[in-house]
Every structure is written in structure tokens, then in C-alpha cells.
Amino acid sequence: LLAALPYELTGAQKKVWKEIQEDLAGETVMSRLIQGDVGSGKTVIAVLALLEAAANGYQGALMAPTEVLARQHLESVQELLSKISLPVETVLLTGSMTAKEKRITYEKIESGEAGIVIGTHALIQDKVQFHRLGLVVTDEQHRFGVRQRETLAEKGHCPHVLVMSATPIPRTLAIIIYGDLDISVMDELPANRLPIKNCVVDERYRPTAYRFLEKEIAAGRQVYIICPMVEENPELEIENVVDYTKKLRDSLDASISIAYLHGKMKAADKNDIMERFAAGEIQILVSTTVIEVGVNVPNATVMMVENAERFGLAQLHQLRGRVGRGKHQSYCIF
């Protein structure tokens with residue numbers, strides 16, 4: 001797989017992969033946290049580890065916090081596997097699948113036919129019985145409780161555990177929170193990534209910001225706008241997704257396609273909008289922090305956060321990580 005990749009791993013990726021290989025081949029069970037900024041290439045390392053498990057006759061499981069992210073992982077794993085001729089079947093398990101789809105997937109997991117299993121919290125249900133679970137990977141670690149991680153690990157006989165997080169945790173805190181984990185840090189971005197340009201402005205700057213969005217969209221790029229609320233709350237003077245979308249449609253060029261996304265929508269609607277955004281059909285996505293984790297749209301270059309003071313640092317960090325994933329210069333406006 002490494003030979004088939006269209007790029008070479010960064011020095012940091014090679015170092016972390018070597019640490020993981022040593023853990024997997026060692027005498028003790030691995031418990032490792034990969035801490036790396038958004039876009040430092042953690043996913044590919046996770047896939048290598050899952051492959052290593054599958055190639056040795058074990059199963060690897062990857063748990064992601066949202067269905068959108070689980071599907072994206074499935075696609076990237078299948079794309080990576082298509083480059084090599086290793087017969088590993090990868091399956092997806094999420095809550096919104098039909099009963100029949102779930103039943104077929106349960107059977108593949110239990111018989112061991114599925115070498116790599118990717119899913120959401122659905123992986124930790126009682127119905128899921130693994131054949132030989134050897135490795136558990138949790139992505140966006142801070143979105144899961146300790147108990148959820150343990151429940152998945154208990155599905156195997158002492159499997160290796162790898163957790164991934166992009167939220168920067170000072171080393172001393174990391175040791176307190178994850179005292180039972182070895183920590184690998186990926187402190188290097190792939191060669192073609194440009195640093196994101198950030199600015200913090202007040203509301204007077206909004207008309208200028210809108211013109212800037214139009215310019216980026218005219219150049220073929222896409223934009224995220226984050227609002228703290230789903231609907232209007234008379235007690236709080238903060239932006240909400242529904243009204244903001246209307247306001248944008250009035251302020252911007254009519255040809256720009258704008259859609260909104262929030263957690264109260266049905267899973268199918270959310271997935272549909274995310275897929276259309278990923279495909280480039282939607283140019284501006286107005287959203288709550290439901291897109292905080294793991295949405296990969298390399299063509300999106302602007303992240304504008306309304307009422308930025310209402311978000312935590314880890315959240316702002318994650319949100320900023322949704323842009324700057326491609327070769328174009330990206331911007332974050334707080």
C-alpha cells in the first residue's frame with residue numbers, strides 16, 4: 001500500500017507508523033493515542049494498522065462519531081485498498097441502515113468474512129459479534145466516552161487500541177487524561193498544504209466578508225458558515241442557521257447555491273446535503289457545529305464562524321480544520 005500511495009508519508013507519519021508496527025508485533029497490548037493536527041494524515045496511518053490486523057487474520061474496527069464521517073472513512077479505505085490486490089472485505093455499520101442491511105453486515109462480522117469494519121456507535125451494540133477482533137481504532141477520540149471505547153474493546157480478546165484526536169492537548173494534560181496511553185504526536189503537515197490565514201473581525205466587516213465569499217465562489221471554491229443556534233431564540237442575540245440562510249440568500253448573488261444543516265434534521269437529509277456539498281452542487285453550507293468533525297471537502301476554502309465567542313477552543317480548532325484540506329489557500333474568518 002505504501003508503494004501504491006500517490007505521495008510519500010511525511011517524516012512524522014513514518015515515525016508514528018513505526019511505533020505502531022512495533023506495538024502490534026510486541027508482547028503487550030497496544031494502547032496508543034495519535035495526536036495530530038487536522039490534515040496531518042492520521043487516517044492513512046489508521047488504515048495501515050487496520051490492514052496489518054486483517055493481513056494477519058484478525059479483524060480491525062474503526063469507530064467514528066458521525067455517519068457522515070464513517071462513510072467517508074469507508075470510501076477512503078476502499079479507495080486505498082483498490083490500489084493493492086489484498087482481498088480484504090470492508091463493511092460499514094451505522095444506525096440508519098435498514099434491518100436487512102444490518103443483518104447481512106452482522107453475519108459478515110461474525111463469520112470473519114469482513115476483515116475491516118467501519119461504523120458509528122452502532123459497533124458497540126450487543127448484536128455485533130466479532131469473529132477475531134484484533135485492533136480497535138477510535139477516531140475523534142474526544143467525542144466518545146471512556147465506557148464506549150471500552151465496550152468496543154471488550155468485543156475482542158484484549159485487542160490493540162488506537163485512538164486518534166486532532167484536538168491539541170498539552171502534554172501534561174494528556175498524561176493525566178490518557179495516563180494509560182502511549183502518545184504519538186504528528187507535528188508535520190503534508191508538503192502541499194498551505195497554512196490557513198485567520199482573522200478575527202467584528203460585525204462591521206460582514207459586507208466585506210460577503211464580497212470575499214462571492215469572489216472565492218466565483219473562483220470555483222466552496223464556503224462553510226457556522227452559527228451557534230438552529231432556530232431563533234428571542235433571549236439571545238445570536239445568529240441561527242435558518243434565518244441566517246434566508247439573510248444570505250438576500251445578500252448574495254442569486255446564482256449561488258446555499259443550503260443549511262443542523263442536528264435536528266433527519267439523518268438521511270443530513271447525509272444528502274453533505275454529499276451534495278462534497279460533490280460541489282452546494283456552494284455555501286450554513287451549519288451548526290454538527291460538521292465540526294471529519295468532513296473532508298478539499299474544495300472548501302473559507303470557514304466563517306459567527307458569534308465565535310460562543311465556541312470552545314477545541315471546537316474552533318476542529319472547525320478551522322474543515323478548510324485547508326486541498327491545494328488552494330484557505331481562510332478562516334472568526
# chains A, B, ... in the order shown; residues from 1 in each chain; ligands from 1
>>> select_by_dssp(residues="region 100-236 of chain A", states="alpha helix (DSSP H)", output="PyMOL selection string")
chain A and resi 100-111+146-153+171-177+206-218
>>> residues_around(residues="Thr151 (chain A)", least_positions_apart="3", cutoff="12 Å", atoms="only C-alpha atoms", output="list in words")
Met63, His121, Ala122, Leu123, Ile124, Gln125, Asp126, Val128, Gln129, Val136, Thr138, Phe144, Gly145, Val146, Arg147, Gln148, Glu154, Lys155, Gly156, His157, Cys158, Pro159 and Val161 of chain A
>>> closest_residue(among="A:Ser184, A:Gln21, A:Ser251, A:Thr288", to="His160 (chain A)", atoms="only C-alpha atoms")
A:Gln21
>>> select_by_dssp(residues="region 29-197 of chain A", states="strand (DSSP E)", output="MDAnalysis selection string")
chainID A and resid 31:36 59:63 89:93 114:119 133:138 160:165 182:186 197
>>> atom_distance(atom1="CA of Glu188 (chain A)", atom2="CA of Phe277 (chain A)")
28.3 Å
>>> decode(residues="region 269-299 of chain A", atoms="N, CA and C atoms", output="tab-separated table (two decimals), in the first residue's frame")
chain	number	residue	atom	x	y	z
A	269	ASP	N	-31.52	13.28	5.46
A	269	ASP	CA	-31.41	14.63	4.90
A	269	ASP	C	-30.01	15.20	5.10
A	270	LYS	N	-29.46	14.94	6.30
A	270	LYS	CA	-28.10	15.44	6.58
A	270	LYS	C	-27.11	14.83	5.60
A	271	ASN	N	-27.21	13.50	5.43
A	271	ASN	CA	-26.27	12.83	4.52
A	271	ASN	C	-26.42	13.36	3.10
A	272	ASP	N	-27.68	13.59	2.69
A	272	ASP	CA	-27.94	14.07	1.34
A	272	ASP	C	-27.26	15.44	1.12
A	273	ILE	N	-27.42	16.34	2.11
A	273	ILE	CA	-26.83	17.68	1.96
A	273	ILE	C	-25.31	17.60	1.97
A	274	MET	N	-24.77	16.78	2.87
A	274	MET	CA	-23.30	16.65	2.92
A	274	MET	C	-22.76	16.09	1.61
A	275	GLU	N	-23.48	15.11	1.05
A	275	GLU	CA	-23.00	14.52	-0.21
A	275	GLU	C	-23.06	15.55	-1.33
A	276	ARG	N	-24.13	16.37	-1.34
A	276	ARG	CA	-24.24	17.38	-2.39
A	276	ARG	C	-23.16	18.46	-2.22
A	277	PHE	N	-22.84	18.77	-0.97
A	277	PHE	CA	-21.77	19.75	-0.73
A	277	PHE	C	-20.43	19.17	-1.18
A	278	ALA	N	-20.20	17.90	-0.82
A	278	ALA	CA	-18.94	17.25	-1.20
A	278	ALA	C	-18.82	17.17	-2.73
A	279	ALA	N	-19.96	17.01	-3.39
A	279	ALA	CA	-19.94	16.90	-4.86
A	279	ALA	C	-19.85	18.27	-5.54
A	280	GLY	N	-19.92	19.35	-4.73
A	280	GLY	CA	-19.78	20.69	-5.31
A	280	GLY	C	-21.08	21.31	-5.80
A	281	GLU	N	-22.22	20.62	-5.55
A	281	GLU	CA	-23.51	21.18	-6.01
A	281	GLU	C	-23.94	22.34	-5.11
A	282	ILE	N	-23.57	22.28	-3.84
A	282	ILE	CA	-23.90	23.36	-2.91
A	282	ILE	C	-22.63	24.18	-2.71
A	283	GLN	N	-22.75	25.52	-2.83
A	283	GLN	CA	-21.54	26.34	-2.73
A	283	GLN	C	-21.32	26.91	-1.33
A	284	ILE	N	-22.43	27.21	-0.62
A	284	ILE	CA	-22.28	27.68	0.76
A	284	ILE	C	-23.09	26.78	1.66
A	285	LEU	N	-22.46	26.27	2.68
A	285	LEU	CA	-23.17	25.44	3.65
A	285	LEU	C	-23.23	26.20	4.97
A	286	VAL	N	-24.46	26.52	5.41
A	286	VAL	CA	-24.64	27.18	6.70
A	286	VAL	C	-24.98	26.08	7.68
A	287	SER	N	-24.23	25.99	8.78
A	287	SER	CA	-24.40	24.83	9.64
A	287	SER	C	-24.16	25.17	11.10
A	288	THR	N	-24.64	24.29	11.97
A	288	THR	CA	-24.23	24.36	13.38
A	288	THR	C	-22.94	23.55	13.47
A	289	THR	N	-22.47	23.28	14.68
A	289	THR	CA	-21.19	22.54	14.76
A	289	THR	C	-21.35	21.07	14.43
A	290	VAL	N	-22.50	20.66	13.87
A	290	VAL	CA	-22.60	19.24	13.51
A	290	VAL	C	-21.50	18.86	12.51
A	291	ILE	N	-20.96	19.85	11.78
A	291	ILE	CA	-19.90	19.49	10.84
A	291	ILE	C	-18.53	19.63	11.48
A	292	GLU	N	-18.53	19.76	12.83
A	292	GLU	CA	-17.26	20.02	13.49
A	292	GLU	C	-16.22	18.95	13.19
A	293	VAL	N	-16.65	17.70	13.07
A	293	VAL	CA	-15.63	16.67	12.89
A	293	VAL	C	-15.70	16.00	11.55
A	294	GLY	N	-14.52	15.76	11.03
A	294	GLY	CA	-14.35	14.80	9.96
A	294	GLY	C	-15.11	14.99	8.68
A	295	VAL	N	-15.36	16.21	8.26
A	295	VAL	CA	-15.92	16.36	6.94
A	295	VAL	C	-14.76	16.74	6.03
A	296	ASN	N	-14.61	15.98	4.94
A	296	ASN	CA	-13.45	16.23	4.10
A	296	ASN	C	-13.88	16.73	2.72
A	297	VAL	N	-13.87	18.04	2.54
A	297	VAL	CA	-14.20	18.62	1.23
A	297	VAL	C	-13.02	19.51	0.83
A	298	PRO	N	-12.04	18.95	0.10
A	298	PRO	CA	-10.82	19.70	-0.20
A	298	PRO	C	-11.06	21.00	-0.95
A	299	ASN	N	-12.23	21.12	-1.63
A	299	ASN	CA	-12.51	22.33	-2.41
A	299	ASN	C	-13.02	23.49	-1.55
